[in-house]
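A.B. asks: run03.txt is the file, holding compact mmCIF, C-alpha atoms and all ligand atoms:
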# COMPACT_ATOMS: atom_id res chain seq x y z
CA MET A 743 -7.83 -25.36 27.06
CA SER A 744 -11.60 -25.58 26.74
CA ASN A 745 -13.22 -25.98 23.33
CA PRO A 746 -13.90 -22.79 21.39
CA SER A 747 -17.50 -21.74 21.97
CA LEU A 748 -20.02 -20.47 19.44
CA LEU A 749 -23.54 -19.12 19.80
CA ILE A 750 -25.59 -19.62 16.64
CA LEU A 751 -28.47 -17.22 16.09
CA ALA A 752 -29.91 -18.26 12.74
CA GLY A 753 -32.76 -15.72 12.80
CA ASP A 754 -35.44 -15.35 10.13
CA GLY A 755 -36.09 -16.03 6.44
CA ILE A 756 -33.10 -17.67 4.76
CA GLY A 757 -31.05 -17.33 7.99
CA PRO A 758 -31.78 -20.88 9.19
CA GLU A 759 -31.27 -22.31 5.67
CA VAL A 760 -27.79 -20.88 5.21
CA MET A 761 -26.87 -21.66 8.82
CA THR A 762 -27.69 -25.35 8.26
CA GLU A 763 -24.85 -25.40 5.72
CA VAL A 764 -22.48 -23.73 8.19
CA ARG A 765 -23.36 -26.46 10.71
CA LYS A 766 -22.12 -29.03 8.17
CA ILE A 767 -18.77 -27.23 8.07
CA ILE A 768 -18.58 -26.98 11.88
CA ASP A 769 -19.33 -30.72 12.12
CA TRP A 770 -16.67 -31.42 9.50
CA TYR A 771 -14.06 -29.65 11.65
CA GLY A 772 -15.08 -31.83 14.61
CA ALA A 773 -14.97 -35.07 12.60
CA LYS A 774 -11.96 -34.45 10.36
CA ARG A 775 -9.75 -31.84 12.02
CA ASP A 776 -10.33 -32.66 15.65
CA VAL A 777 -11.52 -29.11 16.34
CA THR A 778 -14.68 -29.38 18.40
CA PHE A 779 -16.72 -26.25 18.90
CA ASP A 780 -19.11 -25.98 21.83
CA VAL A 781 -22.15 -24.82 19.93
CA SER A 782 -25.26 -23.37 21.52
CA GLU A 783 -28.26 -21.93 19.70
CA GLY A 784 -30.70 -19.14 20.37
CA LEU A 785 -33.34 -16.95 18.78
CA VAL A 786 -32.96 -13.44 17.42
CA GLY A 787 -35.24 -11.16 15.42
CA GLY A 788 -38.77 -12.04 14.38
CA CYS A 789 -38.59 -15.65 15.55
CA SER A 790 -37.61 -14.46 19.03
CA TYR A 791 -40.46 -11.96 18.97
CA ASP A 792 -42.87 -14.77 18.05
CA ALA A 793 -41.62 -16.96 20.90
CA HIS A 794 -40.92 -14.38 23.62
CA GLY A 795 -42.42 -11.02 22.57
CA THR A 796 -38.93 -9.49 22.20
CA PRO A 797 -36.34 -9.66 19.37
CA LEU A 798 -33.63 -10.69 21.88
CA THR A 799 -34.14 -12.06 25.38
CA ASP A 800 -31.85 -11.13 28.29
CA GLU A 801 -30.78 -14.79 28.50
CA THR A 802 -29.65 -14.83 24.86
CA MET A 803 -27.90 -11.49 25.34
CA ALA A 804 -26.06 -12.88 28.38
CA LYS A 805 -25.07 -16.00 26.43
CA ALA A 806 -23.70 -13.82 23.61
CA GLN A 807 -21.45 -12.06 26.14
CA GLU A 808 -20.08 -15.39 27.40
CA VAL A 809 -19.14 -17.19 24.19
CA ASP A 810 -16.03 -16.74 22.06
CA ALA A 811 -18.04 -15.80 18.98
CA VAL A 812 -21.62 -15.27 17.84
CA LEU A 813 -22.67 -16.43 14.36
CA LEU A 814 -25.79 -14.72 13.07
CA GLY A 815 -27.92 -15.53 10.01
CA ALA A 816 -30.33 -12.72 9.21
CA VAL A 817 -33.33 -11.03 10.78
CA GLY A 818 -36.57 -9.48 9.57
CA GLY A 819 -39.35 -10.07 7.10
CA PRO A 820 -42.65 -8.57 5.94
CA LYS A 821 -44.53 -10.27 8.77
CA TYR A 822 -42.79 -7.95 11.23
CA ASP A 823 -42.88 -4.71 9.22
CA ASN A 824 -45.69 -3.16 11.25
CA LEU A 825 -44.36 -3.98 14.70
CA ASP A 826 -43.58 -1.16 17.09
CA PHE A 827 -40.04 0.20 16.54
CA SER A 828 -38.91 -1.04 19.98
CA VAL A 829 -39.58 -4.70 19.13
CA LYS A 830 -38.66 -4.76 15.45
CA PRO A 831 -36.34 -7.68 14.50
CA GLU A 832 -33.41 -5.31 13.79
CA ARG A 833 -33.51 -4.13 17.42
CA GLY A 834 -32.21 -7.56 18.43
CA LEU A 835 -29.19 -7.15 16.19
CA LEU A 836 -28.57 -3.57 17.30
CA ARG A 837 -28.74 -4.62 20.95
CA LEU A 838 -26.12 -7.30 20.36
CA ARG A 839 -23.79 -4.83 18.63
CA LYS A 840 -24.29 -2.17 21.29
CA GLU A 841 -24.01 -4.29 24.45
CA MET A 842 -21.05 -6.26 23.11
CA ASP A 843 -19.52 -2.87 22.15
CA LEU A 844 -18.53 -4.08 18.68
CA PHE A 845 -16.73 -0.99 17.45
CA ALA A 846 -14.90 -2.39 14.41
CA ASN A 847 -16.90 -3.68 11.48
CA LEU A 848 -14.85 -5.69 8.98
CA ARG A 849 -16.17 -6.06 5.47
CA PRO A 850 -13.91 -7.88 3.03
CA ALA A 851 -14.43 -7.29 -0.67
CA GLN A 852 -12.92 -10.28 -2.34
CA CYS A 853 -13.47 -11.28 -5.92
CA PHE A 854 -13.15 -14.94 -6.77
CA ASP A 855 -11.73 -15.34 -10.27
CA ALA A 856 -14.63 -17.55 -11.33
CA LEU A 857 -17.06 -14.70 -10.58
CA ALA A 858 -15.08 -11.80 -12.03
CA ASP A 859 -17.58 -11.50 -14.90
CA PHE A 860 -20.27 -10.77 -12.34
CA SER A 861 -18.90 -7.39 -11.37
CA SER A 862 -20.15 -4.25 -13.04
CA LEU A 863 -16.48 -3.30 -13.49
CA LYS A 864 -14.07 -4.71 -16.08
CA LYS A 865 -12.72 -8.16 -15.30
CA ASP A 866 -9.06 -7.08 -15.00
CA VAL A 867 -10.05 -4.37 -12.50
CA VAL A 868 -11.65 -6.84 -10.07
CA ALA A 869 -10.19 -10.30 -10.72
CA GLY A 870 -8.22 -11.37 -7.65
CA LEU A 871 -9.36 -8.34 -5.65
CA ASP A 872 -8.93 -8.78 -1.89
CA ILE A 873 -9.46 -5.70 0.26
CA MET A 874 -10.83 -5.14 3.74
CA ILE A 875 -12.87 -2.16 4.88
CA VAL A 876 -12.79 -1.46 8.61
CA ARG A 877 -15.70 0.77 9.57
CA GLU A 878 -16.08 2.37 13.00
CA LEU A 879 -19.46 1.08 14.13
CA THR A 880 -20.50 2.51 17.48
CA SER A 881 -19.95 6.27 17.26
CA GLY A 882 -19.92 9.15 14.77
CA ILE A 883 -22.86 10.86 13.16
CA TYR A 884 -25.34 8.00 13.65
CA PHE A 885 -25.04 8.37 17.42
CA GLY A 886 -23.79 11.93 18.10
CA GLU A 887 -25.81 14.47 20.11
CA PRO A 888 -27.52 16.85 19.57
CA ARG A 889 -29.76 15.22 17.02
CA GLY A 890 -33.37 15.63 15.98
CA ILE A 891 -35.70 17.78 13.93
CA ILE A 892 -36.32 21.19 15.50
CA LYS A 893 -38.34 24.22 14.53
CA GLU A 894 -36.41 27.39 13.67
CA GLY A 895 -38.69 30.27 12.79
CA ASN A 896 -41.00 29.05 10.09
CA GLU A 897 -39.14 25.96 9.05
CA ARG A 898 -37.92 22.63 10.39
CA VAL A 899 -34.22 21.88 10.76
CA GLY A 900 -32.77 18.35 10.74
CA ILE A 901 -29.71 17.92 12.96
CA ASN A 902 -27.13 15.17 13.36
CA THR A 903 -23.75 15.55 14.97
CA GLN A 904 -20.48 13.99 13.90
CA ARG A 905 -18.55 13.41 17.12
CA TYR A 906 -15.47 11.28 17.72
CA THR A 907 -13.26 11.03 20.79
CA GLU A 908 -9.54 10.30 20.48
CA SER A 909 -9.95 6.91 22.13
CA GLU A 910 -12.75 5.91 19.73
CA ILE A 911 -10.52 6.71 16.76
CA ALA A 912 -7.43 5.10 18.29
CA ARG A 913 -9.08 1.76 19.01
CA VAL A 914 -10.49 1.29 15.51
CA ALA A 915 -7.17 2.42 14.02
CA ARG A 916 -5.43 -0.30 16.07
CA SER A 917 -7.90 -2.89 14.73
CA ALA A 918 -7.02 -1.83 11.17
CA PHE A 919 -3.24 -1.90 11.77
CA GLU A 920 -3.45 -5.32 13.45
CA LEU A 921 -5.41 -6.66 10.49
CA ALA A 922 -3.00 -5.17 7.98
CA ARG A 923 -0.13 -7.01 9.68
CA LYS A 924 -1.94 -10.29 8.94
CA ARG A 925 -2.56 -9.27 5.30
CA GLY A 926 -0.75 -6.92 2.93
CA ASN A 927 0.62 -4.61 5.67
CA LYS A 928 -0.99 -1.45 4.20
CA VAL A 929 -3.64 0.83 5.71
CA CYS A 930 -5.39 3.71 3.97
CA SER A 931 -7.34 5.96 6.33
CA MET A 932 -10.26 7.90 4.84
CA GLU A 933 -11.99 11.01 6.20
CA LYS A 934 -12.82 14.55 5.09
CA ALA A 935 -10.08 16.47 6.91
CA ASN A 936 -10.40 19.18 4.25
CA VAL A 937 -13.86 20.23 5.47
CA MET A 938 -14.52 18.56 8.86
CA GLU A 939 -12.78 19.11 12.21
CA SER A 940 -13.64 15.55 13.20
CA GLY A 941 -11.74 14.53 10.05
CA ILE A 942 -8.69 16.55 11.14
CA LEU A 943 -8.73 14.80 14.51
CA TRP A 944 -9.25 11.43 12.82
CA ARG A 945 -6.17 11.96 10.64
CA ASP A 946 -4.07 13.18 13.62
CA VAL A 947 -4.97 10.27 15.88
CA VAL A 948 -4.49 7.61 13.19
CA THR A 949 -1.06 9.12 12.48
CA GLU A 950 -0.15 9.18 16.19
CA VAL A 951 -1.18 5.54 16.72
CA HIS A 952 0.78 4.61 13.63
CA GLN A 953 3.95 6.39 14.74
CA ALA A 954 3.79 5.07 18.30
CA GLU A 955 2.81 1.44 17.68
CA TYR A 956 2.66 0.41 14.03
CA SER A 957 5.39 2.17 12.08
CA ASP A 958 6.13 -1.14 10.32
CA VAL A 959 2.75 -0.87 8.54
CA GLU A 960 2.48 1.39 5.47
CA LEU A 961 -0.05 4.17 6.15
CA SER A 962 -1.66 6.57 3.69
CA HIS A 963 -4.54 9.04 3.99
CA MET A 964 -7.23 9.88 1.46
CA TYR A 965 -10.30 12.10 1.46
CA ALA A 966 -13.31 9.82 1.50
CA ASP A 967 -14.78 11.18 -1.75
CA ALA A 968 -11.48 10.57 -3.56
CA GLY A 969 -11.43 7.14 -1.90
CA ALA A 970 -14.83 6.32 -3.42
CA MET A 971 -13.50 7.26 -6.83
CA GLN A 972 -10.32 5.21 -6.41
CA LEU A 973 -12.38 2.20 -5.26
CA CYS A 974 -14.17 2.20 -8.60
CA ARG A 975 -11.10 3.10 -10.67
CA TRP A 976 -8.45 0.70 -9.33
CA PRO A 977 -9.55 -1.05 -6.12
CA LYS A 978 -6.53 -3.36 -6.05
CA GLN A 979 -4.35 -0.44 -4.85
CA PHE A 980 -5.88 -0.94 -1.37
CA ASP A 981 -5.27 -3.53 1.33
CA VAL A 982 -7.04 -2.31 4.50
CA ILE A 983 -9.19 0.83 4.49
CA VAL A 984 -10.15 2.34 7.87
CA THR A 985 -12.86 4.94 8.09
CA ASP A 986 -15.66 6.31 10.24
CA ASN A 987 -19.21 5.08 10.61
CA LEU A 988 -20.89 7.17 7.90
CA PHE A 989 -18.18 6.96 5.23
CA GLY A 990 -17.69 3.29 6.08
CA ASP A 991 -21.36 2.61 5.52
CA LEU A 992 -21.18 4.05 2.02
CA LEU A 993 -17.73 2.84 1.02
CA SER A 994 -18.30 -0.74 2.17
CA ASP A 995 -21.52 -1.01 0.18
CA ALA A 996 -19.79 0.38 -2.89
CA ALA A 997 -16.87 -2.03 -2.44
CA ALA A 998 -19.30 -4.91 -1.97
CA MET A 999 -20.74 -4.34 -5.39
CA LEU A 1000 -17.31 -4.69 -6.95
CA THR A 1001 -17.59 -8.38 -6.26
CA GLY A 1002 -21.05 -9.26 -7.58
CA SER A 1003 -23.73 -10.94 -5.49
CA LEU A 1004 -24.97 -10.17 -2.00
CA GLY A 1005 -24.96 -13.90 -1.39
CA MET A 1006 -21.14 -13.89 -1.37
CA LEU A 1007 -20.39 -11.21 1.24
CA PRO A 1008 -19.34 -12.01 4.82
CA SER A 1009 -18.71 -9.60 7.68
CA ALA A 1010 -17.31 -9.49 11.20
CA SER A 1011 -17.90 -7.02 14.01
CA LEU A 1012 -15.21 -7.02 16.67
CA GLY A 1013 -14.91 -5.41 20.10
CA ALA A 1014 -12.33 -5.27 22.86
CA PRO A 1015 -10.37 -8.39 23.86
CA MET A 1016 -11.99 -10.61 26.51
CA GLU A 1017 -10.10 -12.25 29.39
CA ASN A 1018 -8.98 -15.12 27.15
CA GLY A 1019 -7.47 -12.63 24.68
CA ARG A 1020 -10.12 -13.23 22.02
CA PRO A 1021 -12.06 -10.18 20.86
CA LYS A 1022 -15.79 -9.94 21.44
CA ALA A 1023 -17.07 -10.95 18.05
CA LEU A 1024 -20.15 -11.33 15.89
CA TYR A 1025 -19.97 -12.81 12.40
CA GLU A 1026 -22.80 -12.47 9.88
CA PRO A 1027 -23.45 -12.36 6.16
CA VAL A 1028 -24.09 -8.89 4.77
CA HIS A 1029 -27.39 -9.93 3.19
CA GLY A 1030 -30.78 -9.83 4.89
CA SER A 1031 -33.43 -12.50 5.35
CA ALA A 1032 -34.39 -12.54 1.62
CA PRO A 1033 -38.09 -13.27 2.18
CA ASP A 1034 -38.61 -13.49 -1.60
CA ILE A 1035 -36.67 -16.76 -1.76
CA ALA A 1036 -36.97 -18.07 1.82
CA GLY A 1037 -37.95 -21.71 2.17
CA GLN A 1038 -37.23 -22.55 -1.47
CA GLY A 1039 -33.70 -23.94 -1.20
CA LYS A 1040 -32.43 -21.13 -3.44
CA ALA A 1041 -30.34 -19.14 -0.96
CA ASN A 1042 -26.60 -18.94 -1.49
CA PRO A 1043 -24.94 -20.14 1.74
CA ILE A 1044 -21.47 -18.85 0.81
CA ALA A 1045 -21.72 -15.45 2.58
CA CYS A 1046 -22.56 -17.24 5.82
CA ILE A 1047 -19.88 -19.90 5.28
CA LEU A 1048 -17.27 -17.19 4.59
CA SER A 1049 -18.40 -15.43 7.78
CA PHE A 1050 -17.51 -18.62 9.63
CA ALA A 1051 -14.12 -18.57 7.86
CA MET A 1052 -13.64 -15.08 9.30
CA ALA A 1053 -14.45 -16.48 12.75
CA LEU A 1054 -11.75 -19.12 12.29
CA ARG A 1055 -9.25 -16.41 11.37
CA TYR A 1056 -10.11 -13.57 13.75
CA SER A 1057 -11.55 -15.30 16.83
CA PHE A 1058 -9.77 -18.63 16.86
CA ASP A 1059 -6.43 -17.81 15.28
CA MET A 1060 -6.90 -20.62 12.77
CA GLY A 1061 -5.75 -18.75 9.69
CA ALA A 1062 -4.63 -21.90 7.86
CA GLU A 1063 -8.07 -23.46 8.37
CA ALA A 1064 -9.75 -20.24 7.20
CA ASP A 1065 -7.57 -20.42 4.07
CA ARG A 1066 -8.64 -24.04 3.59
CA LEU A 1067 -12.33 -23.15 3.80
CA GLU A 1068 -12.00 -20.15 1.47
CA LYS A 1069 -10.09 -22.32 -1.00
CA ALA A 1070 -12.89 -24.92 -0.86
CA VAL A 1071 -15.38 -22.17 -1.80
CA GLU A 1072 -13.12 -20.96 -4.59
CA ASP A 1073 -12.73 -24.51 -5.95
CA VAL A 1074 -16.47 -25.14 -5.99
CA LEU A 1075 -17.01 -21.92 -7.93
CA ALA A 1076 -14.18 -22.78 -10.30
CA ASP A 1077 -15.97 -26.08 -11.02
CA GLY A 1078 -18.91 -23.99 -12.21
CA LEU A 1079 -21.35 -24.66 -9.38
CA ARG A 1080 -23.77 -21.77 -9.00
CA THR A 1081 -26.74 -21.02 -6.80
CA ALA A 1082 -29.50 -19.12 -8.60
CA ASP A 1083 -28.20 -15.67 -7.59
CA LEU A 1084 -24.90 -16.38 -9.40
CA LEU A 1085 -26.39 -17.51 -12.67
CA GLY A 1086 -25.47 -15.60 -15.74
CA GLU A 1087 -23.95 -18.09 -18.10
CA GLU A 1088 -26.36 -19.82 -20.43
CA GLY A 1089 -26.94 -23.52 -20.03
CA VAL A 1090 -25.93 -23.67 -16.36
CA SER A 1091 -28.64 -24.87 -14.02
CA PRO A 1092 -28.53 -23.74 -10.41
CA VAL A 1093 -27.70 -25.93 -7.44
CA SER A 1094 -29.69 -25.74 -4.23
CA THR A 1095 -28.53 -24.30 -0.91
CA SER A 1096 -27.75 -27.74 0.48
CA GLU A 1097 -26.05 -28.96 -2.70
CA MET A 1098 -23.73 -25.96 -2.48
CA GLY A 1099 -22.98 -26.74 1.19
CA ASP A 1100 -22.33 -30.41 0.41
CA ALA A 1101 -20.02 -29.52 -2.48
CA ILE A 1102 -17.95 -27.26 -0.20
CA VAL A 1103 -17.69 -30.06 2.39
CA ALA A 1104 -16.56 -32.43 -0.38
CA LYS A 1105 -13.80 -29.94 -1.31
CA LEU A 1106 -12.76 -29.78 2.34
CA ASP A 1107 -12.48 -33.58 2.30
CA ALA A 1108 -10.42 -33.40 -0.86
CA SER A 1109 -8.05 -30.91 0.79
CA LEU A 1110 -6.86 -33.46 3.38
P1 LIG A 1201 -31.98 -8.89 1.37
O1 LIG A 1201 -30.51 -8.85 1.52
O2 LIG A 1201 -32.70 -9.80 2.28
O3 LIG A 1201 -32.36 -9.27 -0.13
C1 LIG A 1201 -32.04 -8.46 -1.26
C2 LIG A 1201 -32.06 -9.31 -2.55
O4 LIG A 1201 -30.91 -10.16 -2.57
C3 LIG A 1201 -33.27 -10.25 -2.61
O5 LIG A 1201 -33.69 -10.35 -3.95
C4 LIG A 1201 -32.74 -11.58 -2.13
O6 LIG A 1201 -33.42 -12.70 -2.65
C5 LIG A 1201 -31.29 -11.53 -2.60
N1 LIG A 1201 -30.43 -12.26 -1.67
C6 LIG A 1201 -30.02 -11.85 -0.44
N2 LIG A 1201 -29.26 -12.78 0.13
C7 LIG A 1201 -29.18 -13.80 -0.74
C8 LIG A 1201 -28.55 -15.09 -0.70
N3 LIG A 1201 -27.82 -15.51 0.36
N4 LIG A 1201 -28.69 -15.90 -1.75
C9 LIG A 1201 -29.40 -15.52 -2.84
N5 LIG A 1201 -30.03 -14.33 -2.93
C10 LIG A 1201 -29.92 -13.47 -1.90
O7 LIG A 1201 -32.49 -7.38 1.58
P2 LIG A 1201 -33.99 -6.83 1.61
O8 LIG A 1201 -34.84 -7.58 0.65
O9 LIG A 1201 -33.84 -5.37 1.49
O10 LIG A 1201 -34.50 -7.12 3.09
C11 LIG A 1201 -35.27 -8.26 3.46
C12 LIG A 1201 -35.40 -8.29 4.97
O11 LIG A 1201 -34.11 -8.48 5.56
C13 LIG A 1201 -35.96 -7.00 5.56
O12 LIG A 1201 -36.82 -7.32 6.63
C14 LIG A 1201 -34.73 -6.28 6.08
O13 LIG A 1201 -35.01 -5.43 7.14
C15 LIG A 1201 -33.89 -7.45 6.51
N6 LIG A 1201 -32.44 -7.19 6.55
C16 LIG A 1201 -31.73 -7.78 7.54
C17 LIG A 1201 -30.37 -7.64 7.58
C18 LIG A 1201 -29.63 -8.37 8.66
O14 LIG A 1201 -30.18 -9.28 9.27
N7 LIG A 1201 -28.39 -8.06 8.90
C19 LIG A 1201 -29.70 -6.91 6.61
C20 LIG A 1201 -30.43 -6.34 5.57
C21 LIG A 1201 -31.82 -6.49 5.55
Kindly return the structure encoded in the file as structure tokens.
Ligand code: NAD
C.D. replies:
Amino acid sequence: MSNPSLLILAGDGIGPEVMTEVRKIIDWYGAKRDVTFDVSEGLVGGCSYDAHGTPLTDETMAKAQEVDAVLLGAVGGPKYDNLDFSVKPERGLLRLRKEMDLFANLRPAQCFDALADFSSLKKDVVAGLDIMIVRELTSGIYFGEPRGIIKEGNERVGINTQRYTESEIARVARSAFELARKRGNKVCSMEKANVMESGILWRDVVTEVHQAEYSDVELSHMYADAGAMQLCRWPKQFDVIVTDNLFGDLLSDAAAMLTGSLGMLPSASLGAPMENGRPKALYEPVHGSAPDIAGQGKANPIACILSFAMALRYSFDMGAEADRLEKAVEDVLADGLRTADLLGEEGVSPVSTSEMGDAIVAKLDASL
């Protein structure tokens, strides 16, 4: 078997800073666990535009299609705000998602006990929370036709179309059921079947896939508005939530805030299995390039490090190693280490990006 391969696209702003800490973890796996990753690097976003006049070159795109997993930092920054839409940094990211056909976006909302005070909700509501939102990422109202702003009589009309095919619903439902089997074995599907035909179809297809292939998994359905309420009321009732692109966009942001800081949130976007059985995959922190703190050693690298833990679990079938890395993060937080974004308690002074990375590596060492 060849080594697992990774393409690192650190991007702009704090992207390269947090990715440096992930490299320490990757090197640790090579040195201490005998797991050597074939790592290549490339440019995406503003830095690619600066070097090549495009936010993603064809060569980098081709490389992304070849590797087992892509790890991305963040793209964008004020320097690029006035660029033409076609070459904006985000276009690089969107091209990766589109051409790799990454239809399932996984956003865990996990609350480490040491950070439970950080949530805007009561501590007992969020402490120990561990849920996963699976959002359909390549279809639905953000892509449906017809769309546009047209003139009707004397006024303008804005149009977007919610459109889902059975196969688009079925494949993301399968992703959610597969995930649930590796977690708490429960899926809650959210739509608006009470007012939308696409919601009726969504509910039908999820039910059909469940009956035919995943009847061992517990399935429930909820209207997305009720789901939003339940997420704030008692989020621990959920294990995996599967929903469409629009509702997923909103619900995953709401769930993210249950856990505190942006600097803690990883994500994965998965596509169809490749020849070697691994899914096409891109892992990235939820946060952006944070230009306000870039270059100051203040960025929290944990979101990016937890994204790598997701790669271990979902691309490389190394669940025990993912657990080890997540435990190392948890232990560092339990010791009271905080980057500036996690400060709240008086008398605690923040650690730098690299100190946080080093402390996590030290916990990995201690786990052996
Ligand atoms: P942002 O996520 O970059 O920053 C929002 C706030 O959170 C800032 O105050 C920032 O300092 C803080 N923050 C974010 N990540 C942090 C971390 N790891 N550690 C500590 N603090 C952190 O969002 P923004 O300010 O709206 O956008 C900045 C740029 O990033 C824009 O150009 C935007 O387009 C881009 N962006 C990119 C992505 C992506 O690459 N996926 C996502 C969102 C925004």
A.B. asks: Kindly extract all protein, DNA and RNA residues lying within 12 Å of the coordinates (-26.8, -14.5, -11.3) given in the file, considering all atoms listed in the file, and supply them as JSON, numbers by chain.
C.D. replies: {"A": [857, 859, 860, 861, 1002, 1003, 1004, 1005, 1006, 1040, 1041, 1042, 1079, 1080, 1081, 1082, 1083, 1084, 1085, 1086, 1087, 1088, 1090, 1091, 1092]}
A.B. asks: Do you know which residues lie at most 12 Å from (-9.4, 15.4, 13.7), with coordinates as in the file and only C-alpha atoms counted, and could you write them as a ChimeraX atom specification?
C.D. replies: /A:904-912,932-950,986
A.B. asks: Show me, as a PDB file with C-alpha atoms, in the frame of the given file, the residues that have an atom within 10 Å of region 976-985 of chain A when counting only C-alpha atoms, minus same-chain residues fewer than 5 positions from it.
C.D. replies:
ATOM      1  CA  ALA A 846     -14.900  -2.390  14.410  1.00  0.00           C
ATOM      2  CA  ASN A 847     -16.900  -3.680  11.480  1.00  0.00           C
ATOM      3  CA  LEU A 848     -14.850  -5.690   8.980  1.00  0.00           C
ATOM      4  CA  ARG A 849     -16.170  -6.060   5.470  1.00  0.00           C
ATOM      5  CA  PRO A 850     -13.910  -7.880   3.030  1.00  0.00           C
ATOM      6  CA  ALA A 851     -14.430  -7.290  -0.670  1.00  0.00           C
ATOM      7  CA  LEU A 863     -16.480  -3.300 -13.490  1.00  0.00           C
ATOM      8  CA  ASP A 866      -9.060  -7.080 -15.000  1.00  0.00           C
ATOM      9  CA  VAL A 867     -10.050  -4.370 -12.500  1.00  0.00           C
ATOM     10  CA  VAL A 868     -11.650  -6.840 -10.070  1.00  0.00           C
ATOM     11  CA  ALA A 869     -10.190 -10.300 -10.720  1.00  0.00           C
ATOM     12  CA  GLY A 870      -8.220 -11.370  -7.650  1.00  0.00           C
ATOM     13  CA  LEU A 871      -9.360  -8.340  -5.650  1.00  0.00           C
ATOM     14  CA  ASP A 872      -8.930  -8.780  -1.890  1.00  0.00           C
ATOM     15  CA  ILE A 873      -9.460  -5.700   0.260  1.00  0.00           C
ATOM     16  CA  MET A 874     -10.830  -5.140   3.740  1.00  0.00           C
ATOM     17  CA  ILE A 875     -12.870  -2.160   4.880  1.00  0.00           C
ATOM     18  CA  VAL A 876     -12.790  -1.460   8.610  1.00  0.00           C
ATOM     19  CA  ARG A 877     -15.700   0.770   9.570  1.00  0.00           C
ATOM     20  CA  GLU A 878     -16.080   2.370  13.000  1.00  0.00           C
ATOM     21  CA  LEU A 879     -19.460   1.080  14.130  1.00  0.00           C
ATOM     22  CA  ILE A 911     -10.520   6.710  16.760  1.00  0.00           C
ATOM     23  CA  VAL A 914     -10.490   1.290  15.510  1.00  0.00           C
ATOM     24  CA  ALA A 915      -7.170   2.420  14.020  1.00  0.00           C
ATOM     25  CA  ARG A 916      -5.430  -0.300  16.070  1.00  0.00           C
ATOM     26  CA  SER A 917      -7.900  -2.890  14.730  1.00  0.00           C
ATOM     27  CA  ALA A 918      -7.020  -1.830  11.170  1.00  0.00           C
ATOM     28  CA  PHE A 919      -3.240  -1.900  11.770  1.00  0.00           C
ATOM     29  CA  LEU A 921      -5.410  -6.660  10.490  1.00  0.00           C
ATOM     30  CA  ALA A 922      -3.000  -5.170   7.980  1.00  0.00           C
ATOM     31  CA  ARG A 923      -0.130  -7.010   9.680  1.00  0.00           C
ATOM     32  CA  ARG A 925      -2.560  -9.270   5.300  1.00  0.00           C
ATOM     33  CA  GLY A 926      -0.750  -6.920   2.930  1.00  0.00           C
ATOM     34  CA  ASN A 927       0.620  -4.610   5.670  1.00  0.00           C
ATOM     35  CA  LYS A 928      -0.990  -1.450   4.200  1.00  0.00           C
ATOM     36  CA  VAL A 929      -3.640   0.830   5.710  1.00  0.00           C
ATOM     37  CA  CYS A 930      -5.390   3.710   3.970  1.00  0.00           C
ATOM     38  CA  SER A 931      -7.340   5.960   6.330  1.00  0.00           C
ATOM     39  CA  MET A 932     -10.260   7.900   4.840  1.00  0.00           C
ATOM     40  CA  GLU A 933     -11.990  11.010   6.200  1.00  0.00           C
ATOM     41  CA  GLY A 941     -11.740  14.530  10.050  1.00  0.00           C
ATOM     42  CA  TRP A 944      -9.250  11.430  12.820  1.00  0.00           C
ATOM     43  CA  VAL A 948      -4.490   7.610  13.190  1.00  0.00           C
ATOM     44  CA  LEU A 961      -0.050   4.170   6.150  1.00  0.00           C
ATOM     45  CA  SER A 962      -1.660   6.570   3.690  1.00  0.00           C
ATOM     46  CA  HIS A 963      -4.540   9.040   3.990  1.00  0.00           C
ATOM     47  CA  MET A 964      -7.230   9.880   1.460  1.00  0.00           C
ATOM     48  CA  ALA A 966     -13.310   9.820   1.500  1.00  0.00           C
ATOM     49  CA  GLY A 969     -11.430   7.140  -1.900  1.00  0.00           C
ATOM     50  CA  ALA A 970     -14.830   6.320  -3.420  1.00  0.00           C
ATOM     51  CA  MET A 971     -13.500   7.260  -6.830  1.00  0.00           C
ATOM     52  CA  GLY A 990     -17.690   3.290   6.080  1.00  0.00           C
ATOM     53  CA  ASP A 991     -21.360   2.610   5.520  1.00  0.00           C
ATOM     54  CA  LEU A 993     -17.730   2.840   1.020  1.00  0.00           C
ATOM     55  CA  SER A 994     -18.300  -0.740   2.170  1.00  0.00           C
ATOM     56  CA  ALA A 997     -16.870  -2.030  -2.440  1.00  0.00           C
ATOM     57  CA  LEU A1000     -17.310  -4.690  -6.950  1.00  0.00           C
TER      58      LEU A1000
END
A.B. asks: What do you get as a ChimeraX atom specification if you pick all residues at most 9 Å from ligand LIG 1201 (chain A), counting only C-alpha atoms and all ligand atoms?
C.D. replies: /A:753-757,760,787,814-823,831-832,835,1003-1007,1026-1036,1040-1046,1081-1084,1095
A.B. asks: Any idea what the distance is between CA of Leu988 (chain A) and CA of Ile883 (chain A)?
C.D. replies: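 About the pair CA of Leu988 (chain A) and CA of Ile883 (chain A): they are 6.7 Å apart.
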A.B. asks: Applying 8 Å and all atoms listed in the file, which residues near Phe885 (chain A) remain after dropping the ones on its own chain fewer than 4 positions away? List them as a PyMOL selection string.
C.D. replies: chain A and resi 880-881+903
A.B. asks: Export, as a JSON list (two decimals), in the coordinates of the input, the selected residues with C-alpha atoms.
C.D. replies:
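What follows is the written file again_4.json:
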[["chain", "number", "residue", "atom", "x", "y", "z"],
["A", 880, "THR", "CA", -20.50, 2.51, 17.48],
["A", 881, "SER", "CA", -19.95, 6.27, 17.26],
["A", 903, "THR", "CA", -23.75, 15.55, 14.97]]
